[in-house]
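**Q** Input file: entry-v2.cif. Contents: mmCIF, C-alpha atoms.
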data_data
#
loop_
_atom_site.label_atom_id
_atom_site.label_comp_id
_atom_site.auth_asym_id
_atom_site.auth_seq_id
_atom_site.Cartn_x
_atom_site.Cartn_y
_atom_site.Cartn_z
CA MET X 792 -158.06 -71.61 -143.48
CA SER X 793 -156.22 -72.26 -146.73
CA LYS X 794 -155.62 -75.85 -147.80
CA LEU X 795 -151.86 -75.31 -147.66
CA ARG X 796 -152.02 -74.09 -144.08
CA LYS X 797 -154.38 -76.94 -143.24
CA VAL X 798 -151.90 -79.60 -144.44
CA SER X 799 -149.05 -77.90 -142.61
CA GLU X 800 -150.97 -77.77 -139.33
CA ALA X 801 -152.32 -81.32 -139.73
CA THR X 802 -148.88 -82.80 -140.33
CA LEU X 803 -147.35 -80.85 -137.43
CA LYS X 804 -150.14 -82.04 -135.14
CA SER X 805 -149.62 -85.64 -136.29
CA VAL X 806 -145.88 -85.51 -135.63
CA LYS X 807 -146.51 -84.01 -132.20
CA ALA X 808 -148.89 -86.92 -131.50
CA GLY X 809 -146.21 -89.49 -132.38
CA HIS X 810 -146.40 -89.93 -136.16
CA SER X 811 -143.05 -90.71 -137.82
CA GLY X 812 -143.21 -87.55 -139.93
CA LEU X 813 -143.16 -89.50 -143.19
CA PHE X 814 -146.50 -89.06 -144.96
CA THR X 815 -147.82 -90.88 -148.02
CA THR X 816 -150.14 -89.24 -150.50
CA ASN X 817 -153.04 -91.13 -148.93
CA ASP X 818 -152.00 -90.04 -145.42
CA LEU X 819 -152.08 -86.41 -146.50
CA ALA X 820 -155.45 -86.75 -148.22
CA LEU X 821 -156.92 -88.38 -145.14
CA LEU X 822 -155.48 -85.71 -142.84
CA ILE X 823 -157.17 -82.89 -144.71
CA GLY X 824 -160.25 -84.76 -145.93
CA ILE X 825 -159.64 -84.61 -149.67
CA GLU X 826 -160.00 -87.35 -152.28
CA VAL X 827 -156.84 -88.48 -154.07
CA ASP X 828 -157.29 -87.40 -157.69
CA SER X 829 -155.54 -85.27 -160.30
CA ASN X 830 -156.50 -82.08 -158.44
CA PHE X 831 -154.93 -83.44 -155.27
CA ALA X 832 -151.74 -84.25 -157.20
CA LYS X 833 -151.64 -80.61 -158.36
CA TYR X 834 -152.24 -79.48 -154.79
CA LEU X 835 -149.30 -81.59 -153.54
CA HIS X 836 -147.10 -80.20 -156.30
CA LYS X 837 -148.00 -76.67 -155.19
CA ALA X 838 -147.41 -77.54 -151.52
CA VAL X 839 -143.92 -78.77 -152.41
CA LYS X 840 -143.24 -75.77 -154.64
CA VAL X 841 -144.05 -73.25 -151.88
CA GLY X 842 -142.21 -75.26 -149.20
CA VAL X 843 -145.15 -76.42 -147.09
CA LEU X 844 -144.20 -80.03 -147.86
CA GLU X 845 -140.99 -81.60 -149.05
CA LYS X 846 -140.96 -84.63 -151.34
CA VAL X 847 -138.69 -87.36 -149.99
CA CYS X 848 -139.31 -89.76 -152.88
CA THR X 849 -142.28 -90.93 -154.93
CA ASN X 850 -145.38 -90.90 -152.72
CA VAL X 851 -143.51 -89.90 -149.53
CA PHE X 852 -143.51 -86.38 -148.09
CA ILE X 853 -142.43 -84.56 -144.94
CA ASN X 854 -143.29 -81.26 -143.34
CA PRO X 855 -139.93 -79.42 -143.33
CA LEU X 856 -140.91 -77.86 -139.98
CA ALA X 857 -141.09 -81.34 -138.42
CA PRO X 858 -138.72 -83.69 -140.25
CA PRO X 859 -138.42 -87.30 -139.09
CA GLU X 860 -135.79 -87.84 -136.45
CA GLY X 861 -134.02 -90.71 -134.83
CA LYS X 862 -132.85 -94.06 -136.02
CA GLY X 863 -134.23 -95.88 -138.95
CA VAL X 864 -135.58 -93.11 -141.20
CA LEU X 865 -134.39 -94.96 -144.32
CA VAL X 866 -135.91 -98.24 -143.19
CA LYS X 867 -139.19 -96.48 -142.40
CA ILE X 868 -139.18 -95.11 -145.94
CA ALA X 869 -138.40 -98.61 -147.28
CA ASN X 870 -141.34 -100.04 -145.35
CA ILE X 871 -143.64 -97.30 -146.65
CA ILE X 872 -142.56 -97.91 -150.26
CA HIS X 873 -143.05 -101.69 -149.96
CA TRP X 874 -145.83 -101.51 -147.37
CA ASP X 875 -147.45 -104.73 -148.58
CA LYS X 876 -144.25 -106.80 -148.88
CA LEU X 877 -141.73 -108.31 -146.52
CA VAL X 878 -138.71 -106.02 -146.10
CA TYR X 879 -135.72 -106.88 -143.94
CA ILE X 880 -132.29 -105.31 -143.53
CA SER X 881 -129.62 -107.59 -144.93
CA LEU X 882 -126.55 -107.67 -147.17
CA GLU X 883 -123.93 -104.98 -146.52
CA SER X 884 -126.12 -102.87 -144.21
CA GLN X 885 -126.75 -105.71 -141.80
CA LEU X 886 -123.18 -106.99 -141.90
CA SER X 887 -121.92 -103.46 -141.22
CA TYR X 888 -124.37 -103.14 -138.31
CA LEU X 889 -123.10 -106.44 -136.88
CA GLY X 890 -119.46 -105.37 -137.30
CA GLU X 891 -118.73 -108.13 -139.81
CA ILE X 892 -117.46 -105.73 -142.47
CA SER X 893 -115.25 -102.74 -141.89
CA GLN X 894 -117.22 -100.34 -144.08
CA VAL X 895 -119.83 -98.36 -142.20
CA MET X 896 -122.99 -97.86 -144.23
CA MET X 897 -123.88 -94.22 -143.60
CA ASP X 898 -126.23 -93.07 -146.32
CA ARG X 899 -127.19 -96.35 -147.98
CA LEU X 900 -129.55 -99.05 -146.81
CA THR X 901 -129.54 -102.51 -148.37
CA VAL X 902 -132.68 -104.54 -147.84
CA MET X 903 -134.16 -107.76 -149.12
CA THR X 904 -137.80 -107.66 -150.15
CA THR X 905 -140.48 -109.88 -151.59
CA GLY X 906 -141.32 -106.83 -153.72
CA ARG X 907 -139.50 -105.43 -156.73
CA SER X 908 -135.77 -104.79 -156.85
CA GLY X 909 -134.71 -101.21 -157.36
CA VAL X 910 -132.76 -98.26 -156.04
CA ILE X 911 -134.55 -95.28 -154.51
CA LYS X 912 -132.69 -92.06 -153.80
CA THR X 913 -134.05 -89.89 -150.98
CA LYS X 914 -132.79 -86.82 -149.16
CA TYR X 915 -131.86 -89.16 -146.29
CA GLY X 916 -129.83 -91.55 -148.41
CA THR X 917 -130.25 -94.36 -150.90
CA ILE X 918 -132.32 -97.50 -150.39
CA GLU X 919 -131.39 -100.56 -152.41
CA PHE X 920 -134.16 -103.13 -152.64
CA THR X 921 -133.07 -106.63 -153.69
CA HIS X 922 -135.83 -109.10 -154.54
CA THR X 923 -136.03 -112.45 -152.82
CA SER X 924 -138.45 -115.16 -153.83
CA ARG X 925 -138.00 -116.92 -150.50
CA LYS X 926 -141.24 -117.47 -148.64
CA ILE X 927 -141.63 -115.97 -145.18
CA GLU X 928 -142.11 -119.43 -143.69
CA SER X 929 -138.69 -120.53 -144.97
CA ILE X 930 -136.77 -117.57 -143.49
CA LYS X 931 -138.72 -116.77 -140.32
CA ASP X 932 -136.01 -118.28 -138.11
CA GLU X 933 -133.30 -116.29 -139.91
CA ILE X 934 -134.73 -112.81 -139.37
CA TYR X 935 -135.65 -110.95 -136.20
CA PHE X 936 -137.49 -107.78 -135.26
CA ASP X 937 -135.39 -104.85 -134.02
CA PRO X 938 -137.68 -102.76 -131.79
CA ASP X 939 -135.20 -99.84 -131.74
CA ILE X 940 -135.93 -99.08 -135.39
CA GLY X 941 -139.20 -100.96 -135.86
CA ALA X 942 -137.88 -103.22 -138.61
CA PHE X 943 -136.80 -106.76 -139.37
CA ARG X 944 -133.12 -107.67 -139.67
CA ALA X 945 -131.33 -110.74 -141.02
CA THR X 946 -129.17 -112.82 -138.73
CA LYS X 947 -125.47 -112.78 -139.59
CA GLU X 948 -125.77 -116.16 -141.29
CA LYS X 949 -128.78 -115.05 -143.35
CA ALA X 950 -127.08 -111.79 -144.40
CA VAL X 951 -124.05 -113.77 -145.63
CA LYS X 952 -126.34 -116.24 -147.45
CA ASP X 953 -128.20 -113.35 -149.07
CA LEU X 954 -124.91 -111.72 -150.09
CA LYS X 955 -123.75 -114.95 -151.76
CA ARG X 956 -127.15 -115.63 -153.33
CA VAL X 957 -127.27 -112.26 -155.07
CA GLY X 958 -123.64 -112.54 -156.23
CA ARG X 959 -122.13 -109.76 -154.16
CA ASN X 960 -118.51 -109.42 -153.07
CA ILE X 961 -117.97 -111.48 -149.91
CA SER X 962 -114.25 -110.72 -149.57
CA MET X 963 -115.09 -107.72 -147.37
CA ILE X 964 -116.49 -109.95 -144.62
CA GLU X 965 -114.09 -110.09 -141.67
CA THR X 966 -114.95 -113.69 -140.69
CA ILE X 967 -117.16 -116.17 -142.45
CA ASP X 968 -118.41 -119.08 -140.40
CA GLU X 969 -119.12 -121.84 -142.87
#
Please render this file's structure as structure tokens.

**A**
Amino acid sequence: MSKLRKVSEATLKSVKAGHSGLFTTNDLALLIGIEVDSNFAKYLHKAVKVGVLEKVCTNVFINPLAPPEGKGVLVKIANIIHWDKLVYISLESQLSYLGEISQVMMDRLTVMTTGRSGVIKTKYGTIEFTHTSRKIESIKDEIYFDPDIGAFRATKEKAVKDLKRVGRNISMIETIDE
């Protein structure tokens, strides 16, 4: 069996078994039993070029025959990118979700992270990471886990605080409880 067919079948099998469908470089190497090195990078490039894999963003791939579905694809990508940092939905995305601003965030996700700030464009939309230096212990009562999407979210009060702290426009908020 060719390596390209092997990765296609392995990713399809993984998705069928419950995997999200978003694969990192290391996931793919593990699935087909290959070391991550310069040859593997060339192999991934070829897999993307011939359409066996599709690159979502740096280090994240999908099998186009089994793309990720359901809620929270952008937040899953955000958690993969900052896998070793706290990531929680806040700012405009959370306030839109809570109905506190009239704009509906369709293809943009705003998150706070203990990792680096930055903007990542993917085929599913744009993820905006905003750095926070706040320690987990100091915000643990202001965030909660949303099991529907498998991610942390800010409370309304925390999202407003974050918005103010990073100097964003707060005039769009329908009601601010001070």

**Q** With all atoms listed in the file as the atoms that count, which of X:Phe920, X:Phe852, X:Phe814, X:Phe936 lies nearest to Lys876 in chain X?

**A** X:Phe920

**Q** On this structure, the PyMOL selection byres ((chain X and resi 896-904) around 10) would catch which residues? List them as JSON, numbers by chain, sorted by chain and number.

**A** {"X": [863, 865, 866, 869, 870, 873, 876, 877, 878, 879, 880, 881, 882, 883, 884, 885, 886, 887, 888, 892, 893, 894, 895, 905, 906, 907, 908, 910, 911, 912, 913, 914, 915, 916, 917, 918, 919, 920, 921, 922, 923, 924, 925, 943, 944, 945, 950, 953]}

**Q** What would the selection look like, as a ChimeraX atom specification, if the PyMOL selection byres ((chain X and resi 793) around 12) were run on the coordinates I just shared?

**A** /X:792,794-800,823,834,838,843

**Q** Write out as a list of chain:residue names which residues come within 9 Å of Ile872 in chain X when counting all atoms listed in the file, dropping same-chain ones fewer than 3 positions away.

**A**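 Counting all atoms listed in the file, the residues come to X:Thr849, X:Asn850, X:Val851, X:Lys867, X:Ile868, X:Ala869, X:Asp875.
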
**Q** Report the distance between CA of Thr802 in chain X and CA of Asp939 in chain X in Å, rounded to one decimal place.

**A** 23.5 Å
